[in-house]
Every structure is written in C-alpha cells, then in structure tokens.
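One file, my_file_37.pdb, carrying PDB, C-alpha atoms:
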ATOM      1  CA  MET A   8       5.552 -13.964  24.214
ATOM      2  CA  LYS A   9       5.842 -12.246  20.860
ATOM      3  CA  GLN A  10       3.809  -9.096  20.354
ATOM      4  CA  CYS A  11       1.362  -8.904  17.458
ATOM      5  CA  TYR A  12       3.058  -7.313  14.430
ATOM      6  CA  PHE A  13      -0.033  -5.316  13.517
ATOM      7  CA  SER A  14      -0.764  -3.870  16.936
ATOM      8  CA  LYS A  15       2.925  -3.106  17.397
ATOM      9  CA  ASN A  16       2.940  -1.052  14.190
ATOM     10  CA  ASN A  17      -0.496   0.424  14.863
ATOM     11  CA  ILE A  18      -2.095  -1.140  11.760
ATOM     12  CA  LYS A  19      -5.846  -1.188  12.262
ATOM     13  CA  HIS A  20      -6.838  -2.297   8.774
ATOM     14  CA  ILE A  21      -4.828  -4.730   6.686
ATOM     15  CA  ASP A  22      -4.902  -3.755   3.029
ATOM     16  CA  TYR A  23      -4.860  -6.526   0.418
ATOM     17  CA  LYS A  24      -2.637  -4.321  -1.768
ATOM     18  CA  ASP A  25       0.123  -4.348   0.876
ATOM     19  CA  THR A  26       1.630  -7.514  -0.548
ATOM     20  CA  ASP A  27       5.036  -6.944   1.012
ATOM     21  CA  ILE A  28       3.510  -7.067   4.483
ATOM     22  CA  ILE A  29       1.196  -9.985   3.674
ATOM     23  CA  LYS A  30       4.110 -12.015   2.315
ATOM     24  CA  LYS A  31       5.757 -11.904   5.741
ATOM     25  CA  PHE A  32       2.978 -14.154   6.976
ATOM     26  CA  LEU A  33       3.152 -16.752   4.205
ATOM     27  CA  ASN A  34       5.370 -19.798   3.977
ATOM     28  CA  PRO A  35       7.346 -20.687   0.807
ATOM     29  CA  HIS A  36       4.297 -22.552  -0.509
ATOM     30  CA  ALA A  37       2.311 -19.294  -0.171
ATOM     31  CA  ARG A  38       0.167 -20.747   2.609
ATOM     32  CA  MET A  39      -0.623 -18.689   5.667
ATOM     33  CA  LEU A  40       1.510 -19.147   8.762
ATOM     34  CA  ALA A  41      -0.132 -20.148  12.024
ATOM     35  CA  ARG A  42      -0.709 -17.573  14.738
ATOM     36  CA  LYS A  43       1.331 -19.769  17.011
ATOM     37  CA  LYS A  44       4.358 -19.097  14.839
ATOM     38  CA  THR A  45       3.844 -15.417  14.088
ATOM     39  CA  GLY A  46       2.292 -14.194  17.332
ATOM     40  CA  VAL A  47      -0.425 -12.262  15.457
ATOM     41  CA  SER A  48      -3.531 -11.496  17.535
ATOM     42  CA  ALA A  49      -6.756 -13.366  16.770
ATOM     43  CA  LYS A  50      -8.421 -10.211  15.446
ATOM     44  CA  SER A  51      -5.522  -9.363  13.146
ATOM     45  CA  GLN A  52      -5.267 -12.963  11.962
ATOM     46  CA  ARG A  53      -8.893 -12.805  10.810
ATOM     47  CA  GLN A  54      -8.210  -9.532   8.989
ATOM     48  CA  LEU A  55      -5.032 -10.972   7.522
ATOM     49  CA  SER A  56      -6.815 -14.043   6.183
ATOM     50  CA  GLU A  57      -9.359 -11.788   4.457
ATOM     51  CA  ALA A  58      -6.543  -9.692   2.958
ATOM     52  CA  VAL A  59      -4.690 -12.811   1.786
ATOM     53  CA  LYS A  60      -7.791 -14.130   0.045
ATOM     54  CA  ARG A  61      -8.409 -10.802  -1.665
ATOM     55  CA  ALA A  62      -4.780 -10.503  -2.767
ATOM     56  CA  ARG A  63      -4.907 -14.055  -4.159
ATOM     57  CA  PHE A  64      -8.067 -13.300  -6.115
ATOM     58  CA  MET A  65      -6.461 -10.205  -7.611
ATOM     59  CA  GLY A  66      -3.339 -12.138  -8.598
ATOM     60  CA  LEU A  67      -1.067 -10.107  -6.336
ATOM     61  CA  ILE A  68       0.069 -13.221  -4.468
ATOM     62  CA  PRO A  69      -0.192 -16.823  -5.664
ATOM     63  CA  PHE A  70      -2.677 -19.391  -4.409
ATOM     64  CA  ILE A  71       0.085 -21.976  -4.362
ATOM     65  CA  ALA A  72       3.797 -21.716  -5.047
ATOM     66  CA  ARG A  73       6.530 -24.269  -5.800
TER      67      ARG A  73
ATOM     68  CA  MET B   7     -24.806  18.232  12.614
ATOM     69  CA  GLN B   8     -27.901  16.172  12.078
ATOM     70  CA  ASN B   9     -27.396  16.458   8.352
ATOM     71  CA  LYS B  10     -23.879  15.083   8.684
ATOM     72  CA  GLU B  11     -25.097  12.078  10.625
ATOM     73  CA  ASN B  12     -27.684  11.357   7.970
ATOM     74  CA  THR B  13     -25.133  11.371   5.145
ATOM     75  CA  ALA B  14     -22.809   9.167   7.179
ATOM     76  CA  LYS B  15     -25.554   6.579   7.455
ATOM     77  CA  GLU B  16     -26.634   6.839   3.840
ATOM     78  CA  THR B  17     -23.234   6.363   2.250
ATOM     79  CA  GLU B  18     -20.510   3.793   2.631
ATOM     80  CA  ILE B  19     -16.828   3.858   1.790
ATOM     81  CA  TYR B  20     -15.952   1.443  -1.001
ATOM     82  CA  GLU B  21     -12.863   0.538  -2.900
ATOM     83  CA  VAL B  22     -12.642  -0.976  -6.338
ATOM     84  CA  GLY B  23      -9.394  -2.561  -7.463
ATOM     85  CA  TYR B  24      -9.244  -3.469 -11.139
ATOM     86  CA  HIS B  25      -7.039  -5.114 -13.712
ATOM     87  CA  ILE B  26      -7.163  -3.722 -17.233
ATOM     88  CA  MET B  27      -6.322  -6.157 -20.032
ATOM     89  CA  PRO B  28      -2.677  -6.005 -21.142
ATOM     90  CA  SER B  29      -3.880  -5.869 -24.764
ATOM     91  CA  VAL B  30      -4.992  -2.261 -24.210
ATOM     92  CA  PRO B  31      -2.237   0.058 -25.482
ATOM     93  CA  GLU B  32      -0.701   2.241 -22.810
ATOM     94  CA  GLU B  33      -1.823   5.492 -24.453
ATOM     95  CA  LYS B  34      -5.440   4.338 -24.269
ATOM     96  CA  LEU B  35      -5.304   3.546 -20.543
ATOM     97  CA  PRO B  36      -6.589   6.982 -19.459
ATOM     98  CA  LEU B  37      -9.722   6.317 -21.538
ATOM     99  CA  GLU B  38     -10.437   3.103 -19.640
ATOM    100  CA  VAL B  39      -9.746   4.773 -16.308
ATOM    101  CA  SER B  40     -11.995   7.719 -17.069
ATOM    102  CA  ALA B  41     -14.775   5.311 -18.093
ATOM    103  CA  ILE B  42     -14.644   3.660 -14.668
ATOM    104  CA  LEU B  43     -14.299   7.038 -12.981
ATOM    105  CA  SER B  44     -17.360   8.430 -14.724
ATOM    106  CA  ALA B  45     -19.325   5.297 -13.798
ATOM    107  CA  ILE B  46     -18.475   5.960 -10.165
ATOM    108  CA  VAL B  47     -18.771   9.737  -9.986
ATOM    109  CA  SER B  48     -21.211  10.994 -12.602
ATOM    110  CA  LYS B  49     -23.451   7.973 -13.152
ATOM    111  CA  ASN B  50     -23.781   6.743  -9.581
ATOM    112  CA  GLY B  51     -23.094   9.859  -7.538
ATOM    113  CA  GLY B  52     -19.925   8.686  -5.852
ATOM    114  CA  VAL B  53     -17.409  10.997  -4.201
ATOM    115  CA  MET B  54     -13.777  10.194  -4.873
ATOM    116  CA  ILE B  55     -11.490   9.805  -1.851
ATOM    117  CA  ALA B  56      -8.263   8.341  -3.194
ATOM    118  CA  SER B  57      -6.993   6.523  -6.251
ATOM    119  CA  GLU B  58      -3.984   5.056  -7.938
ATOM    120  CA  SER B  59      -3.615   5.000 -11.686
ATOM    121  CA  PRO B  60      -2.996   1.628 -13.337
ATOM    122  CA  VAL B  61       0.521   0.265 -13.592
ATOM    123  CA  LYS B  62       1.574  -2.871 -15.383
ATOM    124  CA  ILE B  63       2.216  -5.737 -12.974
ATOM    125  CA  GLU B  64       3.039  -9.371 -13.434
ATOM    126  CA  LEU B  65       0.229 -11.543 -12.131
ATOM    127  CA  ALA B  66       0.948 -14.325  -9.679
ATOM    128  CA  TYR B  67      -0.937 -16.762 -11.913
ATOM    129  CA  THR B  68      -2.521 -16.802 -15.364
ATOM    130  CA  MET B  69      -5.994 -15.291 -15.439
ATOM    131  CA  ALA B  70      -8.529 -15.934 -18.150
ATOM    132  CA  LYS B  71     -11.306 -13.692 -19.393
ATOM    133  CA  LYS B  72     -13.951 -14.731 -21.846
ATOM    134  CA  VAL B  73     -14.955 -12.032 -24.308
ATOM    135  CA  GLY B  74     -17.563 -13.310 -26.733
ATOM    136  CA  ALA B  75     -16.383 -16.709 -27.844
ATOM    137  CA  THR B  76     -12.680 -16.164 -27.297
ATOM    138  CA  GLN B  77     -10.856 -16.768 -24.072
ATOM    139  CA  HIS B  78      -8.004 -14.377 -23.338
ATOM    140  CA  LYS B  79      -5.238 -15.625 -21.071
ATOM    141  CA  CYS B  80      -3.221 -12.988 -19.269
ATOM    142  CA  ASP B  81       0.032 -13.198 -17.326
ATOM    143  CA  GLU B  82       0.222  -9.474 -16.734
ATOM    144  CA  ALA B  83      -2.237  -6.620 -16.405
ATOM    145  CA  TYR B  84      -2.565  -2.959 -15.509
ATOM    146  CA  PHE B  85      -3.583  -2.752 -11.840
ATOM    147  CA  GLY B  86      -5.189   0.356 -10.390
ATOM    148  CA  TRP B  87      -7.755   1.260  -7.732
ATOM    149  CA  PHE B  88     -10.296   3.865  -6.640
ATOM    150  CA  LYS B  89     -11.530   4.581  -3.119
ATOM    151  CA  PHE B  90     -14.837   6.407  -2.997
ATOM    152  CA  GLU B  91     -17.935   7.151  -1.000
ATOM    153  CA  MET B  92     -21.244   6.005  -2.451
ATOM    154  CA  SER B  93     -24.773   5.148  -1.486
ATOM    155  CA  PRO B  94     -25.248   1.365  -1.116
ATOM    156  CA  ASP B  95     -28.270   1.632  -3.433
ATOM    157  CA  ASN B  96     -26.027   2.469  -6.395
ATOM    158  CA  ILE B  97     -23.294  -0.068  -5.822
ATOM    159  CA  ASN B  98     -25.085  -2.798  -7.776
ATOM    160  CA  ALA B  99     -25.260  -0.552 -10.823
ATOM    161  CA  LEU B 100     -21.505  -0.007 -10.605
ATOM    162  CA  LYS B 101     -20.929  -3.744 -10.313
ATOM    163  CA  THR B 102     -22.999  -4.519 -13.398
ATOM    164  CA  PHE B 103     -21.138  -1.768 -15.289
ATOM    165  CA  LEU B 104     -17.761  -3.276 -14.380
ATOM    166  CA  ASP B 105     -19.005  -6.784 -15.192
ATOM    167  CA  ALA B 106     -19.917  -5.623 -18.688
ATOM    168  CA  GLN B 107     -16.482  -4.091 -19.411
ATOM    169  CA  ASP B 108     -14.543  -6.188 -21.905
ATOM    170  CA  ASN B 109     -11.275  -4.460 -21.107
ATOM    171  CA  VAL B 110     -11.505  -5.044 -17.354
ATOM    172  CA  LEU B 111      -9.855  -8.397 -16.762
ATOM    173  CA  ARG B 112     -10.957  -8.649 -13.138
ATOM    174  CA  PHE B 113     -12.101  -6.328 -10.383
ATOM    175  CA  LEU B 114     -12.670  -6.449  -6.630
ATOM    176  CA  LEU B 115     -15.275  -4.273  -4.968
ATOM    177  CA  ILE B 116     -14.921  -4.063  -1.179
ATOM    178  CA  LYS B 117     -16.118  -2.010   1.760
ATOM    179  CA  THR B 118     -13.308  -0.156   3.490
ATOM    180  CA  VAL B 119     -12.534   2.837   5.704
ATOM    181  CA  ARG B 120     -11.841   6.448   4.849
ATOM    182  CA  GLU B 121      -8.340   6.462   6.356
ATOM    183  CA  ASN B 122      -5.370   5.436   4.298
ATOM    184  CA  THR B 123      -4.795   1.703   4.815
ATOM    185  CA  LEU B 124      -1.705   1.364   2.634
ATOM    186  CA  VAL B 125       1.248   1.454   5.010
ATOM    187  CA  GLY B 126       3.489  -1.258   3.590
ATOM    188  CA  ALA B 127       6.148   0.758   1.791
ATOM    189  CA  LYS B 128       6.591   3.232   4.608
ATOM    190  CA  LEU B 129       6.677   0.580   7.298
ATOM    191  CA  LEU B 130       9.111  -1.685   5.483
ATOM    192  CA  ALA B 131      11.427   1.230   4.738
ATOM    193  CA  ALA B 132      11.428   2.123   8.437
ATOM    194  CA  GLU B 133      12.103  -1.520   9.358
ATOM    195  CA  LYS B 134      15.004  -1.704   6.922
ATOM    196  CA  GLU B 135      16.466   1.439   8.386
ATOM    197  CA  ALA B 136      16.205   0.054  11.893
ATOM    198  CA  LEU B 137      17.904  -3.203  10.838
ATOM    199  CA  ALA B 138      20.712  -1.574   8.870
ATOM    200  CA  PRO B 139      23.953  -1.164  10.822
ATOM    201  CA  LYS B 140      24.201   2.339  12.014
ATOM    202  CA  GLU B 141      26.911   4.389  10.409
ATOM    203  CA  GLU B 142      29.514   5.701  12.731
ATOM    204  CA  VAL B 143      28.764   9.262  13.403
ATOM    205  CA  LYS B 144      31.828  11.271  12.846
ATOM    206  CA  THR B 145      31.851  14.074  15.295
ATOM    207  CA  GLU B 146      33.902  16.893  14.094
ATOM    208  CA  THR B 147      35.939  18.259  16.875
ATOM    209  CA  THR B 148      36.486  21.884  16.343
ATOM    210  CA  LYS B 149      40.110  22.658  16.551
ATOM    211  CA  PRO B 150      40.962  25.803  18.387
ATOM    212  CA  GLU B 151      42.038  28.405  15.942
ATOM    213  CA  LYS B 152      45.699  29.003  15.862
ATOM    214  CA  THR B 153      46.541  32.520  16.740
ATOM    215  CA  VAL B 154      49.523  33.886  15.023
ATOM    216  CA  VAL B 155      51.928  35.315  17.523
ATOM    217  CA  SER B 156      54.904  37.221  16.408
ATOM    218  CA  ASP B 157      58.330  36.504  17.885
ATOM    219  CA  ALA B 158      58.474  39.866  19.626
ATOM    220  CA  ASP B 159      55.162  39.278  21.373
ATOM    221  CA  LEU B 160      56.254  35.810  22.387
ATOM    222  CA  ASP B 161      59.433  37.171  23.927
ATOM    223  CA  LYS B 162      57.423  39.776  25.801
ATOM    224  CA  THR B 163      55.053  37.264  27.328
ATOM    225  CA  ILE B 164      57.938  35.006  28.313
ATOM    226  CA  ASP B 165      59.675  37.891  29.959
ATOM    227  CA  GLU B 166      56.518  38.781  31.869
ATOM    228  CA  LEU B 167      56.138  35.210  33.059
ATOM    229  CA  VAL B 168      59.790  35.072  34.176
ATOM    230  CA  LYS B 169      59.405  38.363  36.029
ATOM    231  CA  ALA B 170      56.288  37.143  37.766
TER     232      ALA B 170
END
When written as structure tokens, how does the structure in this file appear?
Amino acid sequence: MKQCYFSKNNIKHIDYKDTDIIKKFLNPHARMLARKKTGVSAKSQRQLSEAVKRARFMGLIPFIAR
Amino acid sequence: MQNKENTAKETEIYEVGYHIMPSVPEEKLPLEVSAILSAIVSKNGGVMIASESPVKIELAYTMAKKVGATQHKCDEAYFGWFKFEMSPDNINALKTFLDAQDNVLRFLLIKTVRENTLVGAKLLAAEKEALAPKEEVKTETTKPEKTVVSDADLDKTIDELVKA
C-alpha cells in the first residue's frame, strides 16, 4: 500500500500556486489521476482537486492538453 | 486574551492572486501593485501577511478580457499574489475594486491559512537530491608525517636494537 504523498511530506494545505507538485498528479492530458493510482488520501484528494481547479482558472496549468 | 479571541473571530485570512495585463510596461508594474495594495490595506483595513511581486509567466491557455468594446487576448501575464488578514465585511468591497480594474486580467480571491503553504520548490529540490546518485565521499587519510632522521641517529638506534 502506497503512502499518501501529502501526509508523507507533511503538507496540510495544498497551494494552487505549487504547480510543480500538482503536475505530479495529472496525466499527459492534464486530467487528474485517480487515487487508486497515486495512493493519495481521500482528504488530500479533495484538497488537490480544489487546487487543480484554482490553478486551471489562473492559467497556471491547462484545462486540457494534447 | 479575550481581545485576541475576538479579533480572531472577526477577521479571516485571505489570499488574492492576480494577473496584470501584459500590455502594462514593466516600469509601471509597481503602480498597479501599489493600487491593489492600497485597496487591501488602507481602504479596507487589511493587514498584510505575505506577498510576491508580479513576474511575467506564460499562461497555459489564452485568456480574454473585455475592456470597453475591445476584447484583449493574452497568452502571457504578470502573476503576483498577496496574503492578508481582513474582516469578511470588507471583502466584497475589495472584490468590486478588483473587478473594476482594467489592467487586472484575472484574479482569484480565496480563504487560506496564515502558515506558508508554498512548499513546492523546497520539497522538489529535496526529492531531487535524494534521487541523485550520491557522490563518493573521498575520505582523506592523514598520512603520518615523515620524520627526518639523520644517518648518525639511525645508526645509533640500530646499534641500540642490536645490543638489546
């Protein structure tokens, strides 16, 4: 069982400006990866989805790619 | 103590991220930033916590902003942010101010926490370091210093050893 990336690194709040971290959890089409694949906890996945949506709105990451 | 609790309830921590239009010349950026800053601090009684001055970034997609009758399309913009503490009563005034700014391409006003939430650069640097093959640590073995012994002394010590 993979440990959650965010709890492992003691990240309590996921910032939408941290695009390098967010990009780890996106596939080449810029869609979010499933928890099943990444091992992120349910709580962090909810935070991550919020951060992804904010980053998309601000043009830091694309809505769709390729 | 009681006073502190009251202020904690009355104010919230907010963050505003903004894009300034790329058409604004770089030397006029501080003017735009100070306009937003004054809207937060002096007009609406906010207390600044952290900020980052705008830097030009390439946007992930083309954004459009309508100013008057013309629509400006932007592929890049100056992105900066402010984190501040403010009463929730004043946040609407700040929003309407930012909405009215022609030079602000887009902004995002969110509730956040006082602690620093930006950890990406530090974390990724640490990860890279951990992944990189470790360099062989060259341990310098200290060579015992050579003592200069004269021939006469050497003979003496040999003689002593032979005698013993």
*asked:* Give me the residues near Val47 of chain A as a PyMOL selection string, where near means some atom within 8 Å (using all atoms listed in the file) and where sequence neighbours in that chain fewer than 3 positions away do not count.
replied: chain A and resi 10-13+42-43+51-52
*Carefully work through the PyMOL selection byres ((chain B) within 7 of (chain A)) for this structure and note down the residues it includes, as an MDAnalysis selection string.*
chainID B and resid 65:67 123:124 126
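Of the residues under consideration (B:Ile97, B:Leu43, B:Val154, B:Met27), B:Met27 shows the shortest atom-to-atom contact distance to Ile63 of chain B when counting only C-alpha atoms.
Coordinates place atom CA of Ala41 of chain B at a distance of 11.4 Å from atom CA of Leu100 of chain B.
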*asked:* I'd like to know which of A:Lys60, A:Lys50, A:Lys44, A:Arg38 is closest to Ser14 of chain A, using only C-alpha atoms.
replied: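 Going through A:Lys60, A:Lys50, A:Lys44, A:Arg38 one by one, the smallest distance to Ser14 of chain A is for A:Lys50.
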*One decimal, Å: what's the distance from atom CA of Asp108 of chain B over to atom CA of Lys79 of chain B, could you say?*
13.3 Å
*Mind checking which residues fall within 7 Å of Met54 of chain B, counting all atoms listed in the file, ignoring those fewer than 5 positions away in the same chain, and posting them as a list in words?*
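The contact residues come out as Lys89, Phe90 and Glu91 of chain B.
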*Would you work out the distance separating atom CA of Glu33 of chain B from atom CA of Ser48 of chain B, expressed in Å to one decimal?*
23.4 Å
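In terms of minimum interatomic distance to Gln77 of chain B, B:Leu111 ranks closest within B:Ala99, B:Val53, B:Leu167, B:Leu111, counting only C-alpha atoms.
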*Could you spell out the hits of the PyMOL selection byres ((chain B and resi 109) around 12) on the shown file, as a ChimeraX atom specification?*
/B:24-31,34-35,37-39,41-42,71-73,78,80,83-84,103-108,110-113
*Which of B:Asp161, B:Glu64, B:Glu166, B:Glu21 sits closest to Phe88 of chain B [using only C-alpha atoms]*: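 Going through B:Asp161, B:Glu64, B:Glu166, B:Glu21 one by one, the smallest distance to Phe88 of chain B is for B:Glu21.
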Taking N, CA and C atoms as the atom set, what does segment 10-29 of chain A look like once completed, written as an mmCIF file, keeping the file's coordinate frame?
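Here's the written file rebuild_3.cif:
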data_model
loop_
_atom_site.group_PDB
_atom_site.id
_atom_site.type_symbol
_atom_site.label_atom_id
_atom_site.label_comp_id
_atom_site.auth_asym_id
_atom_site.auth_seq_id
_atom_site.Cartn_x
_atom_site.Cartn_y
_atom_site.Cartn_z
ATOM 1 N N GLN A 10 4.928 -10.031 20.489
ATOM 2 C CA GLN A 10 3.809 -9.096 20.354
ATOM 3 C C GLN A 10 3.286 -9.130 18.920
ATOM 4 N N CYS A 11 1.986 -8.896 18.780
ATOM 5 C CA CYS A 11 1.362 -8.904 17.458
ATOM 6 C C CYS A 11 1.990 -7.822 16.574
ATOM 7 N N TYR A 12 2.392 -8.229 15.364
ATOM 8 C CA TYR A 12 3.058 -7.313 14.430
ATOM 9 C C TYR A 12 2.177 -6.118 14.108
ATOM 10 N N PHE A 13 0.874 -6.372 13.960
ATOM 11 C CA PHE A 13 -0.033 -5.316 13.517
ATOM 12 C C PHE A 13 -0.344 -4.330 14.625
ATOM 13 N N SER A 14 -0.510 -4.830 15.857
ATOM 14 C CA SER A 14 -0.764 -3.870 16.936
ATOM 15 C C SER A 14 0.512 -3.114 17.284
ATOM 16 N N LYS A 15 1.651 -3.775 17.104
ATOM 17 C CA LYS A 15 2.925 -3.106 17.397
ATOM 18 C C LYS A 15 3.135 -1.917 16.456
ATOM 19 N N ASN A 16 2.751 -2.112 15.185
ATOM 20 C CA ASN A 16 2.940 -1.052 14.190
ATOM 21 C C ASN A 16 1.691 -0.202 13.995
ATOM 22 N N ASN A 17 0.726 -0.384 14.888
ATOM 23 C CA ASN A 17 -0.496 0.424 14.863
ATOM 24 C C ASN A 17 -1.247 0.309 13.526
ATOM 25 N N ILE A 18 -1.350 -0.911 13.003
ATOM 26 C CA ILE A 18 -2.095 -1.140 11.760
ATOM 27 C C ILE A 18 -3.489 -1.632 12.146
ATOM 28 N N LYS A 19 -4.482 -0.815 11.868
ATOM 29 C CA LYS A 19 -5.846 -1.188 12.262
ATOM 30 C C LYS A 19 -6.573 -1.919 11.154
ATOM 31 N N HIS A 20 -6.198 -1.633 9.912
ATOM 32 C CA HIS A 20 -6.838 -2.297 8.774
ATOM 33 C C HIS A 20 -5.745 -2.845 7.865
ATOM 34 N N ILE A 21 -5.841 -4.121 7.547
ATOM 35 C CA ILE A 21 -4.828 -4.730 6.686
ATOM 36 C C ILE A 21 -5.317 -4.642 5.241
ATOM 37 N N ASP A 22 -4.518 -3.979 4.416
ATOM 38 C CA ASP A 22 -4.902 -3.755 3.029
ATOM 39 C C ASP A 22 -4.408 -4.907 2.157
ATOM 40 N N TYR A 23 -5.279 -5.404 1.265
ATOM 41 C CA TYR A 23 -4.860 -6.526 0.418
ATOM 42 C C TYR A 23 -3.788 -6.115 -0.582
ATOM 43 N N LYS A 24 -3.634 -4.788 -0.810
ATOM 44 C CA LYS A 24 -2.637 -4.321 -1.768
ATOM 45 C C LYS A 24 -1.236 -4.251 -1.149
ATOM 46 N N ASP A 25 -1.168 -4.364 0.173
ATOM 47 C CA ASP A 25 0.123 -4.348 0.876
ATOM 48 C C ASP A 25 0.773 -5.724 0.807
ATOM 49 N N THR A 26 1.163 -6.129 -0.397
ATOM 50 C CA THR A 26 1.630 -7.514 -0.548
ATOM 51 C C THR A 26 2.941 -7.772 0.193
ATOM 52 N N ASP A 27 3.755 -6.731 0.323
ATOM 53 C CA ASP A 27 5.036 -6.944 1.012
ATOM 54 C C ASP A 27 4.821 -7.323 2.475
ATOM 55 N N ILE A 28 3.809 -6.735 3.091
ATOM 56 C CA ILE A 28 3.510 -7.067 4.483
ATOM 57 C C ILE A 28 2.859 -8.447 4.552
ATOM 58 N N ILE A 29 1.907 -8.697 3.653
ATOM 59 C CA ILE A 29 1.196 -9.985 3.674
ATOM 60 C C ILE A 29 2.179 -11.146 3.486
#
